[in-house]
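The file work.cif contains mmCIF, C-alpha atoms:
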```
data_coords
#
loop_
_atom_site.label_atom_id
_atom_site.label_comp_id
_atom_site.auth_asym_id
_atom_site.auth_seq_id
_atom_site.Cartn_x
_atom_site.Cartn_y
_atom_site.Cartn_z
CA MET O 1 -18.75 2.90 -15.39
CA THR O 2 -16.68 0.06 -13.92
CA ARG O 3 -14.76 0.85 -10.76
CA ALA O 4 -11.81 -0.62 -8.89
CA PHE O 5 -11.19 0.37 -5.30
CA VAL O 6 -7.52 1.00 -4.53
CA PHE O 7 -5.77 1.56 -1.20
CA PRO O 8 -2.64 3.65 -0.50
CA GLY O 9 0.61 2.53 1.10
CA GLN O 10 3.19 3.91 3.48
CA GLY O 11 4.12 7.52 2.87
CA SER O 12 0.51 8.66 2.51
CA GLN O 13 0.08 9.08 6.28
CA ALA O 14 -0.54 12.52 7.76
CA VAL O 15 -1.42 13.61 11.28
CA GLY O 16 -5.16 14.30 11.41
CA MET O 17 -6.10 11.87 8.65
CA GLY O 18 -9.47 10.28 9.26
CA ARG O 19 -10.36 12.60 12.14
CA ALA O 20 -13.16 14.36 10.28
CA LEU O 21 -14.52 10.98 9.20
CA ALA O 22 -14.65 9.79 12.81
CA GLU O 23 -16.29 13.03 13.93
CA SER O 24 -18.90 12.88 11.16
CA PHE O 25 -19.77 9.19 10.82
CA ALA O 26 -20.44 6.54 13.45
CA ALA O 27 -19.27 3.76 11.13
CA ALA O 28 -15.86 5.39 10.76
CA ARG O 29 -15.60 5.99 14.50
CA LEU O 30 -16.26 2.31 15.15
CA VAL O 31 -13.41 1.31 12.83
CA PHE O 32 -10.89 3.35 14.80
CA GLU O 33 -12.25 2.00 18.09
CA GLU O 34 -11.97 -1.59 16.88
CA VAL O 35 -8.40 -1.06 15.70
CA ASP O 36 -7.52 0.49 19.08
CA ASP O 37 -9.00 -2.52 20.86
CA ALA O 38 -7.23 -5.01 18.60
CA LEU O 39 -3.84 -3.41 19.21
CA GLY O 40 -4.36 -2.58 22.88
CA GLN O 41 -3.26 0.97 22.06
CA ARG O 42 -4.92 4.31 21.45
CA LEU O 43 -3.59 4.40 17.92
CA SER O 44 -6.48 6.70 16.98
CA ARG O 45 -5.02 9.39 19.24
CA VAL O 46 -1.71 9.16 17.38
CA ILE O 47 -3.54 9.25 14.03
CA PHE O 48 -5.64 12.29 14.91
CA GLU O 49 -3.21 14.27 17.06
CA GLY O 50 0.31 12.96 16.43
CA PRO O 51 3.11 13.50 17.13
CA GLU O 52 4.17 12.99 13.54
CA ALA O 53 7.29 11.06 14.52
CA GLU O 54 5.15 8.50 16.36
CA LEU O 55 2.68 8.15 13.49
CA THR O 56 5.53 7.72 10.98
CA LEU O 57 6.93 4.70 12.84
CA THR O 58 6.38 1.75 10.50
CA ALA O 59 4.58 -0.29 13.15
CA ASN O 60 2.06 2.57 13.61
CA ALA O 61 1.81 3.92 10.07
CA GLN O 62 0.78 0.59 8.57
CA PRO O 63 -2.30 -0.15 10.73
CA ALA O 64 -3.12 3.57 10.83
CA LEU O 65 -3.36 3.92 7.07
CA MET O 66 -5.41 0.74 6.88
CA ALA O 67 -7.84 2.08 9.49
CA VAL O 68 -8.50 5.26 7.52
CA SER O 69 -9.04 3.31 4.30
CA VAL O 70 -11.46 0.84 5.87
CA ALA O 71 -13.29 3.69 7.61
CA VAL O 72 -14.03 5.18 4.18
CA VAL O 73 -15.42 1.92 2.80
CA ARG O 74 -17.54 1.18 5.86
CA THR O 75 -18.91 4.72 5.85
CA LEU O 76 -20.04 4.34 2.24
CA ASP O 77 -21.87 1.17 3.23
CA ALA O 78 -23.44 2.45 6.45
CA GLU O 79 -24.40 5.94 5.29
CA ALA O 80 -25.49 5.28 1.72
CA GLY O 81 -25.84 1.52 1.34
CA LEU O 82 -22.98 1.56 -1.16
CA ARG O 83 -21.34 -1.83 -0.71
CA LEU O 84 -17.94 -2.56 -2.15
CA GLY O 85 -19.14 -5.83 -3.69
CA ARG O 86 -21.62 -3.90 -5.83
CA LEU O 87 -19.55 -0.78 -6.46
CA ALA O 88 -16.30 -2.38 -7.60
CA SER O 89 -15.17 -5.13 -9.93
CA HIS O 90 -11.73 -5.45 -8.26
CA VAL O 91 -9.62 -4.19 -5.39
CA ALA O 92 -5.89 -3.49 -5.22
CA GLY O 93 -3.55 -1.91 -2.70
CA HIS O 94 -0.04 -0.52 -2.79
CA SER O 95 2.15 -2.62 -0.45
CA LEU O 96 0.44 -2.44 2.96
CA GLY O 97 -2.61 -1.17 1.07
CA GLU O 98 -3.11 -4.75 -0.08
CA TYR O 99 -4.11 -5.62 3.48
CA ALA O 100 -6.57 -2.71 3.55
CA ALA O 101 -8.00 -3.94 0.24
CA LEU O 102 -8.51 -7.43 1.63
CA CYS O 103 -10.09 -6.12 4.82
CA ALA O 104 -12.40 -3.81 2.88
CA ALA O 105 -13.39 -6.76 0.67
CA ALA O 106 -14.21 -8.89 3.75
CA ALA O 107 -11.39 -11.38 3.20
CA ILE O 108 -9.67 -10.62 6.53
CA GLY O 109 -11.34 -9.29 9.68
CA LEU O 110 -10.53 -5.77 10.84
CA GLY O 111 -8.93 -6.81 14.12
CA ASP O 112 -6.84 -9.46 12.40
CA THR O 113 -5.75 -6.97 9.74
CA ALA O 114 -4.63 -4.46 12.36
CA ARG O 115 -2.63 -7.11 14.21
CA LEU O 116 -1.08 -8.41 10.98
CA LEU O 117 0.04 -4.93 9.99
CA ARG O 118 1.48 -4.24 13.43
CA ARG O 119 3.44 -7.50 13.14
CA ARG O 120 4.46 -6.65 9.57
CA GLY O 121 5.66 -3.18 10.51
CA GLU O 122 7.67 -4.44 13.46
CA ALA O 123 9.17 -7.31 11.47
CA MET O 124 10.16 -5.09 8.55
CA GLN O 125 11.80 -2.60 10.90
CA LYS O 126 13.76 -5.32 12.71
CA ALA O 127 14.89 -7.13 9.55
CA VAL O 128 17.75 -4.72 8.83
CA PRO O 129 19.66 -2.63 11.40
CA VAL O 130 18.99 1.09 11.09
CA GLY O 131 21.49 2.70 8.75
CA GLU O 132 22.39 -0.46 6.84
CA GLY O 133 19.63 -0.25 4.25
CA ALA O 134 18.23 2.41 1.94
CA MET O 135 15.75 3.06 -0.86
CA ALA O 136 15.98 5.45 -3.79
CA ALA O 137 13.63 6.65 -6.50
CA LEU O 138 15.04 6.54 -10.02
CA LEU O 139 13.09 9.11 -12.03
CA GLY O 140 12.99 9.03 -15.80
CA LEU O 141 14.03 5.39 -16.22
CA ASP O 142 11.76 2.52 -17.21
CA LEU O 143 11.78 -0.81 -15.38
CA ALA O 144 14.08 -2.57 -17.84
CA VAL O 145 16.83 0.04 -17.42
CA ALA O 146 16.26 0.26 -13.66
CA ARG O 147 16.85 -3.48 -13.40
CA ILE O 148 20.18 -3.08 -15.19
CA VAL O 149 21.08 -0.25 -12.80
CA ALA O 150 20.22 -2.39 -9.77
CA GLU O 151 22.22 -5.33 -11.08
CA GLU O 152 25.29 -3.20 -11.76
CA ALA O 153 25.01 -1.47 -8.39
CA ALA O 154 24.73 -4.65 -6.32
CA GLN O 155 28.40 -5.74 -6.54
CA GLY O 156 27.80 -8.64 -4.17
CA GLU O 157 25.29 -6.75 -2.02
CA VAL O 158 21.52 -6.46 -2.37
CA CYS O 159 20.02 -3.88 -4.73
CA ASP O 160 16.57 -4.83 -6.00
CA CYS O 161 13.80 -3.04 -7.85
CA ALA O 162 11.21 -2.59 -5.09
CA ASN O 163 8.42 -0.55 -6.68
CA ASP O 164 7.46 -0.09 -10.32
CA ASN O 165 5.11 2.79 -9.56
CA ALA O 166 4.55 4.46 -12.92
CA PRO O 167 6.34 5.08 -16.21
CA GLY O 168 9.63 6.71 -15.27
CA GLN O 169 9.28 6.08 -11.54
CA VAL O 170 11.03 2.98 -10.21
CA VAL O 171 12.27 2.57 -6.64
CA VAL O 172 15.31 0.45 -5.75
CA SER O 173 16.00 -1.00 -2.32
CA GLY O 174 18.84 -2.81 -0.57
CA HIS O 175 22.13 -2.27 1.20
CA LYS O 176 22.85 1.43 1.65
CA ALA O 177 26.15 1.38 -0.24
CA ALA O 178 24.60 -0.47 -3.17
CA VAL O 179 21.66 1.92 -3.37
CA GLU O 180 24.03 4.88 -3.29
CA ARG O 181 25.99 3.32 -6.17
CA ALA O 182 22.68 3.02 -8.05
CA LEU O 183 22.23 6.80 -7.90
CA ASP O 184 25.41 7.40 -9.91
CA ILE O 185 24.78 4.53 -12.32
CA ALA O 186 21.23 5.73 -12.96
CA LYS O 187 22.47 9.22 -13.78
CA ALA O 188 24.91 7.77 -16.30
CA LYS O 189 22.07 5.84 -17.91
CA GLY O 190 19.90 8.90 -18.39
CA ALA O 191 17.84 9.26 -15.23
CA LYS O 192 16.35 12.74 -14.88
CA ARG O 193 16.88 12.60 -11.14
CA SER O 194 17.61 9.99 -8.49
CA ILE O 195 16.93 10.61 -4.81
CA LEU O 196 17.34 8.71 -1.58
CA LEU O 197 14.00 8.24 0.16
CA PRO O 198 13.40 9.09 3.84
CA VAL O 199 12.50 5.55 4.92
CA SER O 200 13.45 3.58 8.01
CA ALA O 201 14.15 0.26 6.27
CA PRO O 202 14.79 -1.16 2.77
CA PHE O 203 11.35 -2.52 1.94
CA HIS O 204 10.50 -5.01 -0.85
CA CYS O 205 13.95 -6.47 -1.33
CA ALA O 206 15.81 -9.65 -0.39
CA LEU O 207 16.95 -8.11 2.90
CA MET O 208 13.35 -8.40 4.11
CA ARG O 209 13.51 -12.22 4.22
CA PRO O 210 13.27 -12.34 8.05
CA ALA O 211 10.10 -10.22 7.85
CA ALA O 212 8.66 -12.52 5.18
CA ASP O 213 9.26 -15.50 7.47
CA ALA O 214 7.51 -13.68 10.32
CA MET O 215 4.52 -12.91 8.11
CA ALA O 216 4.32 -16.49 6.88
CA GLU O 217 3.91 -17.56 10.50
CA ALA O 218 1.36 -14.84 11.28
CA LEU O 219 -0.68 -15.42 8.12
CA ALA O 220 -0.75 -19.20 8.68
CA ALA O 221 -2.67 -18.51 11.88
CA THR O 222 -5.08 -16.03 10.25
CA THR O 223 -8.44 -16.85 8.69
CA ILE O 224 -8.70 -15.60 5.10
CA ALA O 225 -11.95 -15.82 3.15
CA PRO O 226 -12.52 -15.25 -0.56
CA PRO O 227 -12.79 -11.47 -1.08
CA LEU O 228 -16.07 -9.98 -2.27
CA VAL O 229 -14.31 -9.08 -5.53
CA PRO O 230 -10.93 -10.29 -6.87
CA LEU O 231 -7.70 -8.78 -5.59
CA VAL O 232 -5.17 -7.65 -8.20
CA ALA O 233 -2.02 -8.64 -6.35
CA ASN O 234 1.18 -6.62 -6.06
CA VAL O 235 3.62 -9.37 -6.96
CA THR O 236 1.72 -10.80 -9.94
CA ALA O 237 -0.29 -7.82 -11.27
CA ALA O 238 -3.06 -10.37 -11.80
CA PRO O 239 -6.36 -11.13 -10.06
CA THR O 240 -7.06 -13.82 -7.49
CA SER O 241 -9.83 -14.73 -5.07
CA ASP O 242 -8.30 -17.92 -3.66
CA PRO O 243 -7.46 -17.64 0.07
CA ALA O 244 -4.45 -19.97 -0.11
CA THR O 245 -3.03 -18.01 -3.04
CA ILE O 246 -3.66 -14.71 -1.27
CA ARG O 247 -1.82 -15.96 1.82
CA ASP O 248 1.18 -16.98 -0.30
CA LEU O 249 1.21 -13.70 -2.22
CA LEU O 250 1.15 -11.65 0.99
CA VAL O 251 4.29 -13.47 2.12
CA ARG O 252 6.00 -13.03 -1.24
CA GLN O 253 5.04 -9.36 -1.25
CA VAL O 254 7.40 -8.57 1.65
CA THR O 255 10.49 -9.24 -0.48
CA GLY O 256 8.90 -8.89 -3.91
CA MET O 257 8.48 -5.90 -6.20
CA VAL O 258 5.23 -3.93 -6.08
CA ARG O 259 4.09 -4.11 -9.71
CA TRP O 260 1.76 -1.12 -9.45
CA ARG O 261 2.17 0.18 -13.00
CA GLU O 262 1.24 -3.22 -14.42
CA SER O 263 -1.62 -3.65 -11.95
CA VAL O 264 -3.26 -0.38 -12.99
CA SER O 265 -2.77 -1.21 -16.67
CA TRP O 266 -4.31 -4.64 -16.09
CA LEU O 267 -7.39 -3.02 -14.52
CA LYS O 268 -7.73 -0.62 -17.46
CA ALA O 269 -7.33 -3.46 -19.99
CA ASN O 270 -10.01 -5.45 -18.21
CA GLY O 271 -12.77 -2.89 -18.30
CA VAL O 272 -12.13 -0.62 -15.30
CA THR O 273 -12.85 3.00 -16.14
CA THR O 274 -12.51 4.61 -12.68
CA LEU O 275 -10.15 4.09 -9.76
CA VAL O 276 -11.57 4.99 -6.36
CA GLU O 277 -8.71 5.69 -3.93
CA CYS O 278 -9.90 5.05 -0.38
CA GLY O 279 -7.95 6.61 2.46
CA SER O 280 -5.31 9.23 3.10
CA GLY O 281 -3.82 11.33 0.32
CA LYS O 282 -4.01 11.19 -3.46
CA VAL O 283 -0.80 9.40 -4.37
CA LEU O 284 -2.46 6.54 -6.25
CA SER O 285 -4.76 8.89 -8.17
CA GLY O 286 -1.69 10.83 -9.33
CA LEU O 287 0.11 7.66 -10.39
CA ALA O 288 -2.98 6.50 -12.29
CA ARG O 289 -2.94 9.61 -14.44
CA ARG O 290 0.66 8.86 -15.41
CA ILE O 291 0.06 5.16 -16.02
CA GLU O 292 -3.24 5.31 -17.91
CA PRO O 293 -4.22 8.91 -18.77
CA ASP O 294 -7.70 7.82 -19.92
CA LEU O 295 -8.47 6.22 -16.56
CA ALA O 296 -10.55 8.42 -14.25
CA ALA O 297 -9.54 8.57 -10.58
CA VAL O 298 -11.26 9.91 -7.48
CA SER O 299 -9.88 10.14 -3.93
CA LEU O 300 -12.07 9.58 -0.88
CA GLY O 301 -10.52 10.69 2.39
CA ALA O 302 -12.82 13.30 3.90
CA PRO O 303 -16.58 13.68 4.54
CA ALA O 304 -16.97 16.06 1.59
CA ASP O 305 -15.32 13.52 -0.72
CA ILE O 306 -17.78 10.86 0.41
CA ASP O 307 -20.78 13.17 0.04
CA ALA O 308 -19.75 14.04 -3.52
CA PHE O 309 -19.09 10.39 -4.43
CA VAL O 310 -22.47 9.25 -3.10
CA LYS O 311 -24.21 11.64 -5.49
CA THR O 312 -22.52 10.06 -8.50
CA ALA O 313 -22.40 6.38 -7.46
#
```

Let me see the file written as structure tokens.
Amino acid sequence: MTRAFVFPGQGSQAVGMGRALAESFAAARLVFEEVDDALGQRLSRVIFEGPEAELTLTANAQPALMAVSVAVVRTLDAEAGLRLGRLASHVAGHSLGEYAALCAAAAIGLGDTARLLRRRGEAMQKAVPVGEGAMAALLGLDLAVARIVAEEAAQGEVCDCANDNAPGQVVVSGHKAAVERALDIAKAKGAKRSILLPVSAPFHCALMRPAADAMAEALAATTIAPPLVPLVANVTAAPTSDPATIRDLLVRQVTGMVRWRESVSWLKANGVTTLVECGSGKVLSGLARRIEPDLAAVSLGAPADIDAFVKTA
């Protein structure tokens, strides 16, 4: 069995996530305390108790999801001696999950990762005034057709493919009017369904350039070490362990497409037999079944999940 550890992105957050981990395991509790200290905020209270509207804020959701993911990995190490460097051949993360992957693989310190994600969330929110951007999921279209839809919908505005999540699930992002045009064009090109997503900003498109500039500045001041195992990066769907390359890819990721479908297929083609999703929810496990049906997937987000995994690892 060859495993890759994968880390979820925004949208997987839920009030109460990680609370049972913190109550059951000292290592998990320490992660939340360190994130609180790094941010100068009791983010753990928001994670465990809400309110949901506060947790959903991009600047909170991003470090919060990372904290839960890293708590899982550190609990495996502390409670069972199961270290990521021995358990996995690669790591990957969906959008902000890439930061969690790098933290879990010891490439970026936990406090630095929390501060980077707070900066990233704030910068992405500020990049486009509320109401001027949008994102939509085009269901039933492959990437090639979705790109044609985005190009036709742009009409001088921005409409980019933001996420290639799985076969038949591509997300477009950009100016609100352009994304709304994409809904009608996608229907005409055979989409089963196209829906606007409840997001606060148009992520992973050219409109995020100000946020990319902010992250370039923040990452330039951050120490990045080679990860314990290679990172399969969002924007290339290929592995790297080089700190300078990782820094560049994290900047490009802000405006670039998340090539998740290709990333999972790359892992499968290079010997990975099991994806271990660390953190809140089971979104990535569900996508994996659609991308590579022969690839096993397990989700670790609660004490019982960890106990069961330890018995098989």

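With distances restricted to only C-alpha atoms, O:Gly279 is the closest residue to Gly97 (chain O) from O:Gly279, O:Gly140, O:Gly174, O:Gly286.
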
Residues within 7 Å of region 127-138 of chain O, all atoms listed in the file, excluding chain neighbours under 6 positions, as a PDB file with C-alpha atoms, in the coordinates of the input:
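Output below, filename around_6.pdb:
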```pdb
ATOM      1  CA  GLN O 169       9.280   6.080 -11.540  1.00  0.00           C
ATOM      2  CA  VAL O 170      11.030   2.980 -10.210  1.00  0.00           C
ATOM      3  CA  VAL O 171      12.270   2.570  -6.640  1.00  0.00           C
ATOM      4  CA  VAL O 172      15.310   0.450  -5.750  1.00  0.00           C
ATOM      5  CA  SER O 173      16.000  -1.000  -2.320  1.00  0.00           C
ATOM      6  CA  GLY O 174      18.840  -2.810  -0.570  1.00  0.00           C
ATOM      7  CA  HIS O 175      22.130  -2.270   1.200  1.00  0.00           C
ATOM      8  CA  LYS O 176      22.850   1.430   1.650  1.00  0.00           C
ATOM      9  CA  VAL O 179      21.660   1.920  -3.370  1.00  0.00           C
ATOM     10  CA  ALA O 186      21.230   5.730 -12.960  1.00  0.00           C
ATOM     11  CA  ALA O 191      17.840   9.260 -15.230  1.00  0.00           C
ATOM     12  CA  ARG O 193      16.880  12.600 -11.140  1.00  0.00           C
ATOM     13  CA  SER O 194      17.610   9.990  -8.490  1.00  0.00           C
ATOM     14  CA  ILE O 195      16.930  10.610  -4.810  1.00  0.00           C
ATOM     15  CA  LEU O 196      17.340   8.710  -1.580  1.00  0.00           C
ATOM     16  CA  LEU O 197      14.000   8.240   0.160  1.00  0.00           C
ATOM     17  CA  SER O 200      13.450   3.580   8.010  1.00  0.00           C
ATOM     18  CA  ALA O 201      14.150   0.260   6.270  1.00  0.00           C
ATOM     19  CA  PRO O 202      14.790  -1.160   2.770  1.00  0.00           C
ATOM     20  CA  LEU O 207      16.950  -8.110   2.900  1.00  0.00           C
ATOM     21  CA  MET O 208      13.350  -8.400   4.110  1.00  0.00           C
ATOM     22  CA  PRO O 210      13.270 -12.340   8.050  1.00  0.00           C
ATOM     23  CA  ALA O 211      10.100 -10.220   7.850  1.00  0.00           C
TER      24      ALA O 211
END
```

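The two atoms in question, CA of Thr255 (chain O) and CA of Ala237 (chain O), are spaced 15.3 Å apart.
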
With the PyMOL selection byres ((chain O and resi 214-219) around 8) as the selection, what would be picked from this file? Answer as number ranges by chain, please.
O: 116, 119-120, 123, 210-213, 220-223, 247-248, 250-251

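With all atoms listed in the file as the basis for measurement, O:Ala28 is the residue among O:Leu87, O:Ala269, O:Val310, O:Ala28 that approaches Val68 (chain O) most closely.
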
Would you mind telling me which residue in O:Leu65, O:Ile47, O:Ala150, O:Ala105 lies nearest to Ala92 (chain O) when using all atoms listed in the file?
O:Ala105

At a cut-off of 12 Å around the point (18.4, -6.3, -10.9) (file coordinates), what residues fall inside when counting only C-alpha atoms? I'd like the answer as a ChimeraX atom specification.
/O:143-162,170-174,178-179,182,205-206,257

Around the point (-13.2, 4.4, 3.1) (coordinates from the file), which residues reach within 9 Å if we count all atoms listed in the file? Answer as a VMD selection string.
chain O and resid 28 67 to 76 104 277 to 279 300 to 302 306

Determine the residue set returned by the PyMOL selection byres ((chain O and resi 276) around 10) for the present structure, and present it as a count of residues only.
21

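Taking CA of Phe25 (chain O) as the reference point, CA of Asp37 (chain O) is found at 18.8 Å.
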
Any idea what's packed within 10 Å of Leu57 (chain O), counting only C-alpha atoms, ignoring anything in its chain fewer than 4 positions away? Could you give it as a list of chain:residue names?
O:Glu52, O:Ala53, O:Ala61, O:Gln62, O:Gly121, O:Glu122, O:Gln125, O:Val199, O:Ser200

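Nearest to Ala107 (chain O) of all the residues O:Asp305, O:Glu79, O:Glu54, O:Asp242 is O:Asp242, counting all atoms listed in the file.
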
CA of Arg83 (chain O) sits from CA of Asn234 (chain O) at a separation of 23.6 Å

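Closest approach to Ser95 (chain O) among O:Leu39, O:Met66, O:Leu295, O:Ala225 is made by O:Met66 (distances from all atoms listed in the file).
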
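Minimum atom-to-atom distances from O:Leu82, O:Ala177, O:Val31, O:Ile185 to Thr113 (chain O) were compared using all atoms listed in the file, and the lowest value belongs to O:Val31.
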
Can you pull out every residue within 10 Å of Arg45 (chain O), counting only C-alpha atoms, but drop anything in the same chain fewer than 4 positions away, and send it as a PyMOL selection string?
chain O and resi 15-16+19+32+36+41+49-51+55

Once you add 5 Å to each side, what are the centre and edge lengths of the axis-aligned box holding all listed atoms of region 75-85 of chain O? One decimal in Å, as lines of an AutoDock Vina configuration file, if you can.
```
center_x = -21.9
center_y = 0.1
center_z = 1.4
size_x = 17.9
size_y = 21.8
size_z = 20.1
```

Would you mind exporting region 174-221 of chain O with C-alpha atoms, as an mmCIF file, in the first residue's frame?
```
data_model
loop_
_atom_site.group_PDB
_atom_site.id
_atom_site.type_symbol
_atom_site.label_atom_id
_atom_site.label_comp_id
_atom_site.auth_asym_id
_atom_site.auth_seq_id
_atom_site.Cartn_x
_atom_site.Cartn_y
_atom_site.Cartn_z
ATOM 1 C CA GLY O 174 -14.440 35.999 -12.662
ATOM 2 C CA HIS O 175 -16.616 39.055 -13.092
ATOM 3 C CA LYS O 176 -20.190 38.363 -11.991
ATOM 4 C CA ALA O 177 -21.762 39.221 -15.345
ATOM 5 C CA ALA O 178 -19.305 37.019 -17.222
ATOM 6 C CA VAL O 179 -19.871 34.075 -14.894
ATOM 7 C CA GLU O 180 -23.633 34.478 -15.270
ATOM 8 C CA ARG O 181 -23.197 34.420 -19.060
ATOM 9 C CA ALA O 182 -21.220 31.189 -18.634
ATOM 10 C CA LEU O 183 -24.253 29.518 -17.058
ATOM 11 C CA ASP O 184 -26.325 29.968 -20.214
ATOM 12 C CA ILE O 185 -23.472 29.092 -22.569
ATOM 13 C CA ALA O 186 -22.696 25.942 -20.591
ATOM 14 C CA LYS O 187 -26.315 24.819 -20.815
ATOM 15 C CA ALA O 188 -26.229 25.267 -24.582
ATOM 16 C CA LYS O 189 -23.087 23.148 -24.745
ATOM 17 C CA GLY O 190 -24.621 20.239 -22.865
ATOM 18 C CA ALA O 191 -23.969 20.889 -19.183
ATOM 19 C CA LYS O 192 -26.230 18.809 -16.951
ATOM 20 C CA ARG O 193 -26.472 21.682 -14.501
ATOM 21 C CA SER O 194 -24.659 24.933 -13.789
ATOM 22 C CA ILE O 195 -24.940 26.696 -10.441
ATOM 23 C CA LEU O 196 -23.597 29.855 -8.875
ATOM 24 C CA LEU O 197 -21.555 29.064 -5.777
ATOM 25 C CA PRO O 198 -22.079 30.793 -2.404
ATOM 26 C CA VAL O 199 -18.594 32.327 -2.201
ATOM 27 C CA SER O 200 -17.458 35.756 -1.072
ATOM 28 C CA ALA O 201 -14.904 36.351 -3.840
ATOM 29 C CA PRO O 202 -13.910 34.989 -7.285
ATOM 30 C CA PHE O 203 -10.976 32.784 -6.332
ATOM 31 C CA HIS O 204 -8.326 31.371 -8.711
ATOM 32 C CA CYS O 205 -8.793 33.820 -11.548
ATOM 33 C CA ALA O 206 -7.017 36.871 -12.942
ATOM 34 C CA LEU O 207 -9.005 39.179 -10.659
ATOM 35 C CA MET O 208 -6.968 37.807 -7.744
ATOM 36 C CA ARG O 209 -3.754 39.477 -8.979
ATOM 37 C CA PRO O 210 -3.635 41.920 -6.012
ATOM 38 C CA ALA O 211 -3.855 38.937 -3.642
ATOM 39 C CA ALA O 212 -1.075 37.153 -5.528
ATOM 40 C CA ASP O 213 1.130 40.227 -5.116
ATOM 41 C CA ALA O 214 0.378 40.294 -1.388
ATOM 42 C CA MET O 215 1.274 36.615 -1.052
ATOM 43 C CA ALA O 216 4.498 37.081 -2.996
ATOM 44 C CA GLU O 217 5.537 39.638 -0.386
ATOM 45 C CA ALA O 218 4.463 37.464 2.543
ATOM 46 C CA LEU O 219 6.069 34.299 1.193
ATOM 47 C CA ALA O 220 9.348 36.109 0.442
ATOM 48 C CA ALA O 221 9.643 36.742 4.178
#
```
